[in-house]
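K.L.:
Next up is a structure, given as structure tokens.
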There are 4 protein chains.
Amino acid sequence: MPSVLLLSCPDQQGIVAATSAFIADQGGNIIHAEQYVERPHAGTDGNDGSVFFQRIEFELARPGVTHETFLDAFQAVARQFEMLVDLHNTAVPVPTAIMASKQPHCLYDLLTRWRSGELPMDLRVVVSNHPDHRDICEHMGIPYVHLPVTKDTKPQQERQVLDALAEHGVELVVMARYMQILSDDFVSRHPMRIINIHHSFLPAFIGANPYRQAHERGVKLIGATAHYATADLDEGPIIAQETAHVTHRENVAALTARGRDIETVVLARAVRAHLEHKIAVHGHKTIVYS
Amino acid sequence: MPSVLLLSCPDQQGIVAATSAFIADQGGNIIHAEQYVERPHAGTDGNDGSVFFQRIEFELARPGVTHETFLDAFQAVARQFEMLVDLHNTAVPVPTAIMASKQPHCLYDLLTRWRSGELPMDLRVVVSNHPDHRDICEHMGIPYVHLPVTKDTKPQQERQVLDALAEHGVELVVMARYMQILSDDFVSRHPMRIINIHHSFLPAFIGANPYRQAHERGVKLIGATAHYATADLDEGPIIAQETAHVTHRENVAALTARGRDIETVVLARAVRAHLEHKIAVHGHKTIVYS
Amino acid sequence: MPSVLLLSCPDQQGIVAATSAFIADQGGNIIHAEQYVERPHAGTDGNDGSVFFQRIEFELARPGVTHETFLDAFQAVARQFEMLVDLHNTAVPVPTAIMASKQPHCLYDLLTRWRSGELPMDLRVVVSNHPDHRDICEHMGIPYVHLPVTKDTKPQQERQVLDALAEHGVELVVMARYMQILSDDFVSRHPMRIINIHHSFLPAFIGANPYRQAHERGVKLIGATAHYATADLDEGPIIAQETAHVTHRENVAALTARGRDIETVVLARAVRAHLEHKIAVHGHKTIVYS
Amino acid sequence: MPSVLLLSCPDQQGIVAATSAFIADQGGNIIHAEQYVERPHAGTDGNDGSVFFQRIEFELARPGVTHETFLDAFQAVARQFEMLVDLHNTAVPVPTAIMASKQPHCLYDLLTRWRSGELPMDLRVVVSNHPDHRDICEHMGIPYVHLPVTKDTKPQQERQVLDALAEHGVELVVMARYMQILSDDFVSRHPMRIINIHHSFLPAFIGANPYRQAHERGVKLIGATAHYATADLDEGPIIAQETAHVTHRENVAALTARGRDIETVVLARAVRAHLEHKIAVHGHKTIVYS
């Protein structure tokens with residue numbers, strides 16, 4: 001199973017050469033590498049403020065070279081270029097929780113993809129404020145934590161959710177149409193580790209009832225947006241978006257039904273990109289490697 | 001060449017029967033009919049406040065029945081159901097003006113479609129605040145009215161534009177990336193007779209520089225919206241929208257270039273729908289017949 | 001719940017008037033009507049050989065008028081125009097069987113849509129040549145008939161399948177990636193009542209292993225096609241098709257995984273159109289009402 | 001202006017390290033690099049028969065290092081890895097000819113994109129077997145070579161076309177719906193230097209009248225394919241494809257009109273990829289860098 005190295009650093013000459021030479025020296029075999037330079041001023045080619053990003057997928061083939069020894073040895077390169085470095089072992093899938101409310105479409109889709117081996121996800125637990133999905137989850141052998149919530153019990157319930165996530169060693173939280181707004185505290189404990197699906201093409205129709213808003217405006221397309229949750233609601237870094245054509249014939253209920261298909265597809269796409277370590281976050285934007 | 005009847009009235013039983021019986025009585029042959037009922041409250045099936053819309057494409061085949069006699073006779077039906085009625089003769093294409101500024105993509109695309117006979121448009125004149133497109137227009141035999149504009153001369157220039165439109169008997173104005181904001185007075189003289197292309201997926205990124213706004217937000221889709229111009233800028237009834245996937249690699253210039261293709265396609269689609277009498281406006285929304 | 005009338009007959013003047021007047025006479029309220037005239041020779045406007053199709057969705061509101069009395073009374077109109085007539089009561093969803101093999105994606109998607117009430121389907125039974133999906137089906141309360149098959153037992157197994165379908169009163173069979181080729185006899189017993197999903201954009205890549213064929217040809221799009229099964233394999237009337245962009249990076253396994261998403265969406269779209277009585281078949285082509 | 005290095009060689013460890021170290025040594029700054037390994041047997045990770053492809057976009061910044069000295073010095077690396085090497089200077093756009101027949105849509109679109117500076121194309125000449133586009137081409141300052149053709153004069157006409165291409169120093173030929181079949185001899189003189197647009201989603205509907213074939217089959221999508229011309233008609237390496245949804249309502253003429261928009265977009269996309277040196281050909285397939 002290959003390893004994935006995610007890098008970022010101030011742009012300068014020689015980074016690609018240094019990293020690829022290092023990997024070759026360690027007996028590693030590069031399967032795929034992709035880089036990107038964010039230039040703060042479009043059209044400017046100088047290095048002033050430019051940031052270099054790279055994702056390298058490679059195989060460690062030499063006996064004695066492990067992820068630990070590799071990462072230790074790489075520190076010299078990292079220091080030289082002032083890199084932020086993440087090394088992922090794709091043999092170890094990401095421990096993940098799915099949070100859902102009453103609506104099943106995103107949850108069931110992720111369960112099906114996980115069960116068929118399509119998503120490299122170590123699904124540890126499903127957390128919900130509704131009891132509805134217990135049977136299906138337990139049938140698939142996934143612990144189901146039912147934590148009902150009211151206005152009054154919201155802080156306590158959130159602490160219980162946090163406890164459940166911690167207990168199961170979760171590193172990624174997927175909000176599969178979980179209809180409760182998370183507190184800033186909750187979100188800030190999982191920076192870029194919570195993926196949410198918003199049921200509109202952001203930044204259009206921010207907030208509640210986007211399909212009703214879309215219907216009232218008379219748009220000819222509806223959309224969905226998967227993004228990392230941040231304290232600033234609906235302003236988190238966007239990972240994936242999709243739209244579908246609609247007509248005047250579709251009322252709010254029809255838009256909602258059609259939207260479910262888009263939400264499902266977009267959330268799965270974003271979750272897959274995260275699980276495959278293909279996302280880098282820069283400010284409030286994402287780099288999604290291909 | 002067929003005729004097109006566009007109707008709207010309060011919904012009630014028997015409208016379809018009455019209109020189709022009338023057309024049969026007049027010896028007309030219905031080629032295509034489509035209707036739609038706008039129900040103010042989704043899910044409510046009662047007639048309270050519901051509005052009926054219909055588009056009927058038919059051929060007048062009986063000697064002696066003309067558009068005039070047909071429309072005269074139809075008044076009885078129209079009165080019975082309190083209909084608003086438009087009858088169009090598709091043998092007479094709509095007298096049209098295109099307004100453009102420096103950017104050629106939408107203008108050239110419409111010219112090409114018009115010249116190849118693809119659009120049923122009686123193109124009377126091209127009006128621009130730039131001289132750039134005179135050669136190509138005159139080469140194609142279309143009068144080119146160059147009316148430069150500055151902040152100070154804006155009111156006078158707009159009057160000159162209105163004069164040019166009136167002189168050429170124009171009934172539809174297509175704003176093919178005309179980069180001047182029209183005054184409320186100008187717009188109110190051509191209700192639902194001015195089609196504009198906005199270079200974003202409305203209502204996202206209203207206002208200036210939408211591709212820069214899109215880049216700054218880090219969206220994964222860009223879009224374009226064709227709509228009727230109303231006094232309330234970018235709030236007019238939407239006719240057509242389209243989006244395209246983009247990646248983090250695309251800077252503002254790249255987004256702008258990709259956006260041009262979407263703008264071109266969406267504007268042409270909206271103009272075609274108008275020219276084929278397939279649009280009904282209801283409040284600030286459109287019904288676009290298929 | 002509305003009724004749906006599906007008609008076809010030789011084209012002539014007055015059909016729309018006759019049907020809509022009849023419905024008004026019976027106290028019915030037309031919600032939506034759509035018609036289409038297939039002209040054998042494009043551009044010819046005469047009636048010679050043209051066929052008229054219509055779908056009318058209407059509500060029977062008058063006491064004493066039932067589906068039976070309506071249909072009886074309609075025979076006079078039907079005879080006059082030599083119509084083929086189908087009347088459907090949408091209060092009675094179509095008794096349906098799903099057939100699947102090992103792959104779960106289409107099956108689970110249909111189950112989820114059915115369970116959430118999104119599809120007007122009376123799901124009676126799931127038939128499979130594999131035991132894998134018994135748990136999930138029985139958990140949802142659907143009988144699961146496991147009928148393994150080998151080359152030698154194929155004729156007997158098909159008879160058992162037919163028996164199971166008959167026993168459950170099935171009117172629509174959805175082949176959700178059922179990987180056995182049905183005999184001509186089986187197919188001919190359910191004309192336009194078996195929907196199959198083919199994992200390519202037909203007519204490209206007919207036959208086995210279309211994703212391998214697509215990879216070998218180096219296409220930049222893959223697709224899926226939902227169609228009615230006919231004796232002539234992969235030649236049945238097409239109901240819905242969809243494609244997705246792919247790149248040189250995607251090997252056969254990746255194309256197959258991406259294809260699953262398209263298959264799922266296209267099959268659901270086709271099944272929904274059938275269940276909503278929106279499909280008319282004419283020769284080897286479909287009319288899919290909007 | 002950056003340079004583009006296109007490489008291919010048998011896959012082995014250390015190629016990325018060697019090329020990036022070489023560029024760093026020469027004082028070059030890598031802007032973007034992308035590689036791909038074609039493995040003949042999907043799922044096999046060994047190097048047996050695997051081919052490595054790379055595209056590196058970089059800037060030569062050191063005084064004294066020119067394209068010539070760079071390429072000379074690179075031979076040592078190339079020999080070591082048995083590389084095929086192409087070095088392109090993006091400051092020198094590709095000398096290009098467009099060939100067209102009567103239909104204007106692809107030709108006009110390319111002209112508009114060229115004129116607006118959107119395509120890095122050194123447009124030298126337009127060749128056509130029809131006189132129709134002379135005015136517009138000459139108006140834009142492009143030589144127009146009108147070479148009519150009949151069955152009898154085909155060989156002579158083709159020689160005249162070849163002469164015109166040679167005279168204008170053309171390196172890329174874009175067949176913008178040029179409706180004459182080129183001889184094997186013609187094609188073989190420009191290997192992977194002729195881009196053709198086929199008006200179907202290949203490999204469906206190979207040959208003449210694809211829109212008629214599509215209509216007869218009753219497909220729900222139509223498509224277009226841009227590919228390099230090879231002696232084996234419609235079998236050349238595919239560069240780009242696109243599809244659009246169609247309905248039963250669209251007759252052959254309507255499909256043809258809708259198809260024009262797809263052809264235009266797909267051809268422009270393929271031409272741009274070629275002009276930006278983003279295409280590598282491997283056997284009868286393309287690698288299109290992102």
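Naming works like this for the structure tokens: A, B, ... for the chains as they're shown, residue 1 at the start of each chain, ligands 1 onward in shown order.
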Could you pull out the strand (DSSP E) residues of segment 68-123 of chain C, going by DSSP on the backbone, and write them as a VMD selection string?

P.N.:
chain C and resid 84 to 89 94 to 100 121 to 123

K.L.:
Please, could you write that set of residues out with N, CA, C and O atoms as a compact mmCIF listing (two decimals), in the first residue's frame?

P.N.:
# COMPACT_ATOMS: atom_id res chain seq x y z
N LEU C 84 -55.02 3.49 -28.87
CA LEU C 84 -54.59 2.57 -27.82
C LEU C 84 -54.64 3.37 -26.52
O LEU C 84 -54.11 4.48 -26.46
N VAL C 85 -55.26 2.81 -25.48
CA VAL C 85 -55.52 3.56 -24.26
C VAL C 85 -55.02 2.79 -23.03
O VAL C 85 -55.25 1.58 -22.93
N ASP C 86 -54.32 3.49 -22.15
CA ASP C 86 -53.99 2.94 -20.82
C ASP C 86 -54.44 3.94 -19.78
O ASP C 86 -54.09 5.12 -19.87
N LEU C 87 -55.18 3.47 -18.79
CA LEU C 87 -55.57 4.35 -17.69
C LEU C 87 -54.95 3.83 -16.40
O LEU C 87 -55.10 2.65 -16.05
N HIS C 88 -54.21 4.68 -15.71
CA HIS C 88 -53.54 4.27 -14.48
C HIS C 88 -54.07 5.07 -13.30
O HIS C 88 -54.24 6.28 -13.40
N ASN C 89 -54.26 4.38 -12.20
CA ASN C 89 -54.69 5.01 -10.96
C ASN C 89 -53.44 5.17 -10.08
O ASN C 89 -52.91 4.19 -9.57
N VAL C 94 -47.27 0.48 -8.70
CA VAL C 94 -47.03 -0.68 -9.56
C VAL C 94 -46.35 -1.80 -8.76
O VAL C 94 -45.28 -1.58 -8.18
N PRO C 95 -46.93 -3.01 -8.76
CA PRO C 95 -46.28 -4.14 -8.10
C PRO C 95 -44.97 -4.48 -8.81
O PRO C 95 -44.97 -4.73 -10.01
N THR C 96 -43.88 -4.48 -8.07
CA THR C 96 -42.56 -4.51 -8.67
C THR C 96 -41.67 -5.55 -8.01
O THR C 96 -41.75 -5.78 -6.80
N ALA C 97 -40.83 -6.18 -8.84
CA ALA C 97 -39.76 -7.03 -8.32
C ALA C 97 -38.42 -6.44 -8.73
O ALA C 97 -38.30 -5.86 -9.80
N ILE C 98 -37.45 -6.57 -7.86
CA ILE C 98 -36.08 -6.22 -8.23
C ILE C 98 -35.28 -7.51 -8.32
O ILE C 98 -35.39 -8.37 -7.45
N MET C 99 -34.50 -7.64 -9.40
CA MET C 99 -33.60 -8.78 -9.53
C MET C 99 -32.17 -8.27 -9.44
O MET C 99 -31.82 -7.27 -10.06
N ALA C 100 -31.35 -8.96 -8.66
CA ALA C 100 -29.98 -8.51 -8.45
C ALA C 100 -29.05 -9.71 -8.41
O ALA C 100 -29.50 -10.85 -8.21
N MET C 121 -43.59 2.81 -5.68
CA MET C 121 -43.35 1.43 -6.10
C MET C 121 -43.90 0.52 -5.02
O MET C 121 -43.66 0.73 -3.83
N ASP C 122 -44.68 -0.47 -5.45
CA ASP C 122 -45.17 -1.49 -4.51
C ASP C 122 -44.18 -2.65 -4.59
O ASP C 122 -44.37 -3.58 -5.37
N LEU C 123 -43.11 -2.58 -3.82
CA LEU C 123 -42.03 -3.56 -3.93
C LEU C 123 -42.48 -4.88 -3.29
O LEU C 123 -42.65 -4.95 -2.08

K.L.:
Sorted by chain and rising residue number, list the residues of chain D at most 9 Å from chain C (counting only C-alpha atoms), each with its closest atom pair and distance in Å to one decimal, as a Markdown table.

P.N.:
| residue | atom | partner | partner_atom | distance |
| --- | --- | --- | --- | --- |
| D:Tyr36 | CA | C:Arg249 | CA | 7.3 |
| D:Val37 | CA | C:Arg249 | CA | 8.4 |
| D:Glu38 | CA | C:Arg249 | CA | 8.1 |
| D:Arg39 | CA | C:Asn251 | CA | 9.0 |
| D:Ala42 | CA | C:Asn251 | CA | 6.3 |
| D:Gly43 | CA | C:Ala253 | CA | 8.4 |
| D:Phe201 | CA | C:Ala204 | CA | 8.3 |
| D:Leu202 | CA | C:Ala204 | CA | 7.4 |
| D:Pro203 | CA | C:Ala204 | CA | 5.6 |
| D:Ala204 | CA | C:Ala204 | CA | 4.5 |
| D:Phe205 | CA | C:Pro203 | CA | 7.7 |
| D:Glu216 | CA | C:Lys285 | CA | 8.2 |
| D:Arg217 | CA | C:Lys285 | CA | 7.0 |
| D:Gly218 | CA | C:Lys285 | CA | 5.1 |
| D:Val219 | CA | C:Ile238 | CA | 6.3 |
| D:Lys220 | CA | C:Gln241 | CA | 5.8 |
| D:Leu221 | CA | C:Gln241 | CA | 6.4 |
| D:Thr225 | CA | C:Lys220 | CA | 8.9 |
| D:Glu235 | CA | C:Arg217 | CA | 8.5 |
| D:Pro237 | CA | C:Gly218 | CA | 7.3 |
| D:Ile238 | CA | C:Val219 | CA | 6.3 |
| D:Ile239 | CA | C:Lys220 | CA | 7.3 |
| D:Ala240 | CA | C:Lys220 | CA | 6.0 |
| D:Gln241 | CA | C:Lys220 | CA | 5.8 |
| D:Glu242 | CA | C:Leu221 | CA | 7.3 |
| D:Thr243 | CA | C:Thr243 | CA | 7.3 |
| D:Ala244 | CA | C:Glu242 | CA | 8.9 |
| D:His245 | CA | C:Glu242 | CA | 8.0 |
| D:Thr247 | CA | C:Val288 | CA | 7.5 |
| D:His248 | CA | C:Ile287 | CA | 5.6 |
| D:Arg249 | CA | C:Tyr36 | CA | 7.3 |
| D:Asn251 | CA | C:Ala42 | CA | 6.3 |
| D:Val252 | CA | C:Ala42 | CA | 7.0 |
| D:Ala253 | CA | C:Ala42 | CA | 7.7 |
| D:His284 | CA | C:Gly218 | CA | 7.6 |
| D:Lys285 | CA | C:Gly218 | CA | 5.1 |
| D:Thr286 | CA | C:His248 | CA | 7.1 |
| D:Ile287 | CA | C:His248 | CA | 5.5 |
| D:Val288 | CA | C:His248 | CA | 7.1 |
| D:Tyr289 | CA | C:His248 | CA | 9.0 |

K.L.:
With N, CA and C atoms kept, could you save the residues just selected as a compact mmCIF listing (two decimals), in the first residue's frame?

P.N.:
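Result file part_25.txt:
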# COMPACT_ATOMS: atom_id res chain seq x y z
N TYR D 36 2.58 10.31 -15.20
CA TYR D 36 1.60 9.24 -15.29
C TYR D 36 2.35 7.98 -15.69
N VAL D 37 1.98 6.88 -15.06
CA VAL D 37 2.57 5.59 -15.43
C VAL D 37 1.49 4.69 -15.99
N GLU D 38 1.67 4.33 -17.23
CA GLU D 38 0.73 3.39 -17.87
C GLU D 38 1.20 1.98 -17.55
N ARG D 39 0.36 1.26 -16.83
CA ARG D 39 0.70 -0.13 -16.51
C ARG D 39 -0.11 -1.03 -17.43
N ALA D 42 -3.68 -3.87 -15.51
CA ALA D 42 -4.29 -3.16 -14.39
C ALA D 42 -4.04 -3.94 -13.11
N GLY D 43 -3.63 -3.23 -12.08
CA GLY D 43 -3.45 -3.87 -10.80
C GLY D 43 -2.05 -4.41 -10.58
N PHE D 201 -20.56 10.52 -30.27
CA PHE D 201 -19.79 10.00 -29.15
C PHE D 201 -19.15 8.70 -29.61
N LEU D 202 -17.95 8.77 -30.16
CA LEU D 202 -17.27 7.54 -30.61
C LEU D 202 -17.05 6.62 -29.43
N PRO D 203 -17.12 5.29 -29.61
CA PRO D 203 -17.26 4.60 -30.88
C PRO D 203 -18.71 4.38 -31.31
N ALA D 204 -19.67 5.05 -30.74
CA ALA D 204 -21.04 4.90 -31.23
C ALA D 204 -21.19 5.68 -32.53
N PHE D 205 -21.94 5.15 -33.45
CA PHE D 205 -22.30 5.88 -34.66
C PHE D 205 -21.08 6.30 -35.48
N GLU D 216 -32.43 7.41 -35.13
CA GLU D 216 -33.07 6.12 -35.41
C GLU D 216 -32.95 5.17 -34.23
N ARG D 217 -31.85 5.25 -33.52
CA ARG D 217 -31.69 4.37 -32.35
C ARG D 217 -32.49 4.85 -31.16
N GLY D 218 -32.86 6.13 -31.19
CA GLY D 218 -33.64 6.66 -30.07
C GLY D 218 -32.81 6.92 -28.83
N VAL D 219 -31.59 7.37 -28.99
CA VAL D 219 -30.74 7.64 -27.83
C VAL D 219 -31.23 8.87 -27.08
N LYS D 220 -30.85 8.98 -25.82
CA LYS D 220 -31.25 10.11 -24.98
C LYS D 220 -30.09 11.07 -24.74
N LEU D 221 -28.96 10.80 -25.38
CA LEU D 221 -27.79 11.69 -25.33
C LEU D 221 -27.18 11.71 -26.73
N THR D 225 -16.80 14.02 -30.57
CA THR D 225 -15.49 13.49 -30.21
C THR D 225 -14.41 14.20 -31.02
N GLU D 235 -10.88 6.06 -35.80
CA GLU D 235 -10.24 5.20 -34.82
C GLU D 235 -9.03 5.88 -34.19
N PRO D 237 -6.63 8.40 -31.87
CA PRO D 237 -6.63 8.65 -30.41
C PRO D 237 -7.59 9.77 -30.03
N ILE D 238 -8.46 9.49 -29.09
CA ILE D 238 -9.48 10.45 -28.65
C ILE D 238 -8.86 11.48 -27.71
N ILE D 239 -9.14 12.74 -27.95
CA ILE D 239 -8.61 13.82 -27.11
C ILE D 239 -9.69 14.32 -26.15
N ALA D 240 -10.89 14.55 -26.65
CA ALA D 240 -11.94 15.11 -25.81
C ALA D 240 -13.30 14.65 -26.32
N GLN D 241 -14.23 14.48 -25.39
CA GLN D 241 -15.60 14.08 -25.74
C GLN D 241 -16.58 14.82 -24.85
N GLU D 242 -17.76 14.98 -25.37
CA GLU D 242 -18.81 15.63 -24.59
C GLU D 242 -20.15 15.11 -25.07
N THR D 243 -21.14 15.12 -24.19
CA THR D 243 -22.49 14.72 -24.57
C THR D 243 -23.51 15.75 -24.08
N ALA D 244 -24.71 15.67 -24.61
CA ALA D 244 -25.81 16.52 -24.16
C ALA D 244 -27.09 15.70 -24.20
N HIS D 245 -27.96 15.96 -23.24
CA HIS D 245 -29.23 15.25 -23.19
C HIS D 245 -30.15 15.68 -24.33
N THR D 247 -34.21 14.67 -26.22
CA THR D 247 -35.48 13.98 -25.96
C THR D 247 -36.05 13.45 -27.26
N HIS D 248 -37.13 12.70 -27.10
CA HIS D 248 -37.82 12.15 -28.27
C HIS D 248 -38.31 13.25 -29.20
N ARG D 249 -38.47 14.48 -28.69
CA ARG D 249 -39.01 15.55 -29.51
C ARG D 249 -38.06 16.00 -30.61
N ASN D 251 -35.97 15.94 -33.72
CA ASN D 251 -35.77 15.20 -34.96
C ASN D 251 -34.33 15.37 -35.44
N VAL D 252 -34.03 14.80 -36.60
CA VAL D 252 -32.64 14.82 -37.06
C VAL D 252 -32.11 16.25 -37.17
N ALA D 253 -32.94 17.15 -37.67
CA ALA D 253 -32.49 18.54 -37.82
C ALA D 253 -32.20 19.17 -36.45
N HIS D 284 -2.88 3.95 -29.38
CA HIS D 284 -4.03 4.64 -29.98
C HIS D 284 -4.83 5.38 -28.91
N LYS D 285 -4.15 5.73 -27.80
CA LYS D 285 -4.82 6.46 -26.73
C LYS D 285 -4.03 7.73 -26.39
N THR D 286 -4.71 8.68 -25.77
CA THR D 286 -4.01 9.90 -25.39
C THR D 286 -3.90 10.00 -23.87
N ILE D 287 -2.84 10.64 -23.44
CA ILE D 287 -2.73 11.14 -22.08
C ILE D 287 -2.95 12.64 -22.19
N VAL D 288 -3.98 13.16 -21.54
CA VAL D 288 -4.23 14.60 -21.58
C VAL D 288 -3.92 15.16 -20.20
N TYR D 289 -2.80 15.88 -20.11
CA TYR D 289 -2.40 16.44 -18.82
C TYR D 289 -3.39 17.52 -18.39

K.L.:
Quick one: of C:Val187, C:Arg79, C:Lys278, C:Pro148, who's nearest to Val4 of chain C, counting only C-alpha atoms?

P.N.:
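Smallest distance to Val4 of chain C is found for C:Lys278.
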
K.L.:
So which residues of segment 13-240 of chain B fall under helix (DSSP H, G or I) by DSSP, listed as an NGL selection string?

P.N.:
:B and (15-25 or 67-81 or 105-115 or 134-139 or 154-167 or 184-188 or 210-217)

K.L.:
Excluding Ala73 of chain D and its own-chain neighbours fewer than 5 positions away, which residues fall within 12 Å of it when counting only C-alpha atoms? Please give them as JSON, numbers by chain.

P.N.:
{"D": [19, 22, 23, 25, 26, 65, 66, 67, 68, 78, 79]}

K.L.:
Restricted to all heavy atoms, what would the selected residues look like written as a tab-separated table (two decimals), in the first residue's frame?

P.N.:
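Output file selection.tsv is given in full below:
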chain	number	residue	atom	x	y	z
D	19	THR	N	14.96	14.16	-13.42
D	19	THR	CA	14.55	15.31	-14.25
D	19	THR	C	14.43	16.57	-13.41
D	19	THR	O	14.86	17.65	-13.85
D	19	THR	CB	13.20	15.04	-14.96
D	19	THR	OG1	12.21	14.69	-13.99
D	19	THR	CG2	13.32	13.90	-15.96
D	22	PHE	N	17.86	17.86	-12.60
D	22	PHE	CA	18.49	18.47	-13.77
D	22	PHE	C	17.99	19.90	-13.99
D	22	PHE	O	18.76	20.81	-14.23
D	22	PHE	CB	18.21	17.62	-15.03
D	22	PHE	CG	18.79	18.21	-16.27
D	22	PHE	CD1	20.11	17.96	-16.63
D	22	PHE	CD2	18.03	19.07	-17.07
D	22	PHE	CE1	20.65	18.54	-17.77
D	22	PHE	CE2	18.57	19.65	-18.20
D	22	PHE	CZ	19.88	19.38	-18.55
D	23	ILE	N	16.66	20.06	-13.89
D	23	ILE	CA	16.11	21.39	-14.12
D	23	ILE	C	16.60	22.37	-13.05
D	23	ILE	O	16.96	23.51	-13.35
D	23	ILE	CB	14.57	21.33	-14.17
D	23	ILE	CG1	14.15	20.58	-15.45
D	23	ILE	CG2	13.94	22.72	-14.15
D	23	ILE	CD1	12.68	20.25	-15.54
D	25	ASP	N	19.41	22.18	-11.47
D	25	ASP	CA	20.83	22.43	-11.78
D	25	ASP	C	20.99	23.50	-12.87
D	25	ASP	O	21.96	24.24	-12.88
D	25	ASP	CB	21.48	21.13	-12.29
D	25	ASP	CG	21.87	20.21	-11.14
D	25	ASP	OD1	21.77	20.65	-9.98
D	25	ASP	OD2	22.26	19.06	-11.42
D	26	GLN	N	20.04	23.50	-13.79
D	26	GLN	CA	20.13	24.47	-14.89
D	26	GLN	C	19.53	25.83	-14.49
D	26	GLN	O	19.38	26.71	-15.34
D	26	GLN	CB	19.36	23.94	-16.11
D	26	GLN	CG	19.92	22.65	-16.69
D	26	GLN	CD	21.05	22.91	-17.68
D	26	GLN	OE1	21.00	23.87	-18.44
D	26	GLN	NE2	22.10	22.09	-17.64
D	65	VAL	N	21.52	30.12	-20.23
D	65	VAL	CA	20.84	28.85	-20.47
D	65	VAL	C	19.69	29.08	-21.45
D	65	VAL	O	18.74	29.80	-21.15
D	65	VAL	CB	20.29	28.25	-19.16
D	65	VAL	CG1	19.53	26.96	-19.45
D	65	VAL	CG2	21.43	27.99	-18.19
D	66	THR	N	19.81	28.52	-22.64
D	66	THR	CA	18.78	28.69	-23.66
D	66	THR	C	18.10	27.34	-23.88
D	66	THR	O	18.53	26.31	-23.35
D	66	THR	CB	19.40	29.14	-24.99
D	66	THR	OG1	20.23	28.08	-25.47
D	66	THR	CG2	20.23	30.41	-24.81
D	67	HIS	N	17.05	27.35	-24.70
D	67	HIS	CA	16.39	26.08	-25.04
D	67	HIS	C	17.40	25.11	-25.66
D	67	HIS	O	17.36	23.91	-25.41
D	67	HIS	CB	15.23	26.32	-26.01
D	67	HIS	CG	14.00	26.80	-25.30
D	67	HIS	ND1	13.77	28.11	-25.00
D	67	HIS	CD2	12.96	26.09	-24.80
D	67	HIS	CE1	12.63	28.21	-24.35
D	67	HIS	NE2	12.12	27.01	-24.21
D	68	GLU	N	18.31	25.66	-26.46
D	68	GLU	CA	19.27	24.79	-27.16
D	68	GLU	C	20.26	24.18	-26.17
D	68	GLU	O	20.50	22.97	-26.18
D	68	GLU	CB	20.02	25.59	-28.24
D	68	GLU	CG	19.16	25.93	-29.44
D	68	GLU	CD	18.04	26.92	-29.10
D	68	GLU	OE1	18.25	27.83	-28.25
D	68	GLU	OE2	16.93	26.77	-29.65
D	78	ALA	N	18.32	11.82	-20.85
D	78	ALA	CA	17.44	11.13	-21.79
D	78	ALA	C	18.01	9.76	-22.16
D	78	ALA	O	17.28	8.76	-22.22
D	78	ALA	CB	17.23	11.99	-23.04
D	79	ARG	N	19.32	9.73	-22.41
D	79	ARG	CA	19.94	8.45	-22.79
D	79	ARG	C	19.88	7.46	-21.63
D	79	ARG	O	19.58	6.28	-21.82
D	79	ARG	CB	21.40	8.68	-23.21
D	79	ARG	CG	21.57	8.90	-24.71
D	79	ARG	CD	23.02	8.82	-25.12
D	79	ARG	NE	23.86	9.78	-24.39
D	79	ARG	CZ	24.07	11.04	-24.77
D	79	ARG	NH1	23.50	11.52	-25.87
D	79	ARG	NH2	24.82	11.84	-24.05

K.L.:
If you measure from atom CA of Ala17 of chain C to atom CA of Gly14 of chain B, what distance in Å do you get, rounded to one decimal?

P.N.:
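Atom CA of Ala17 of chain C sits 10.9 Å away from atom CA of Gly14 of chain B.
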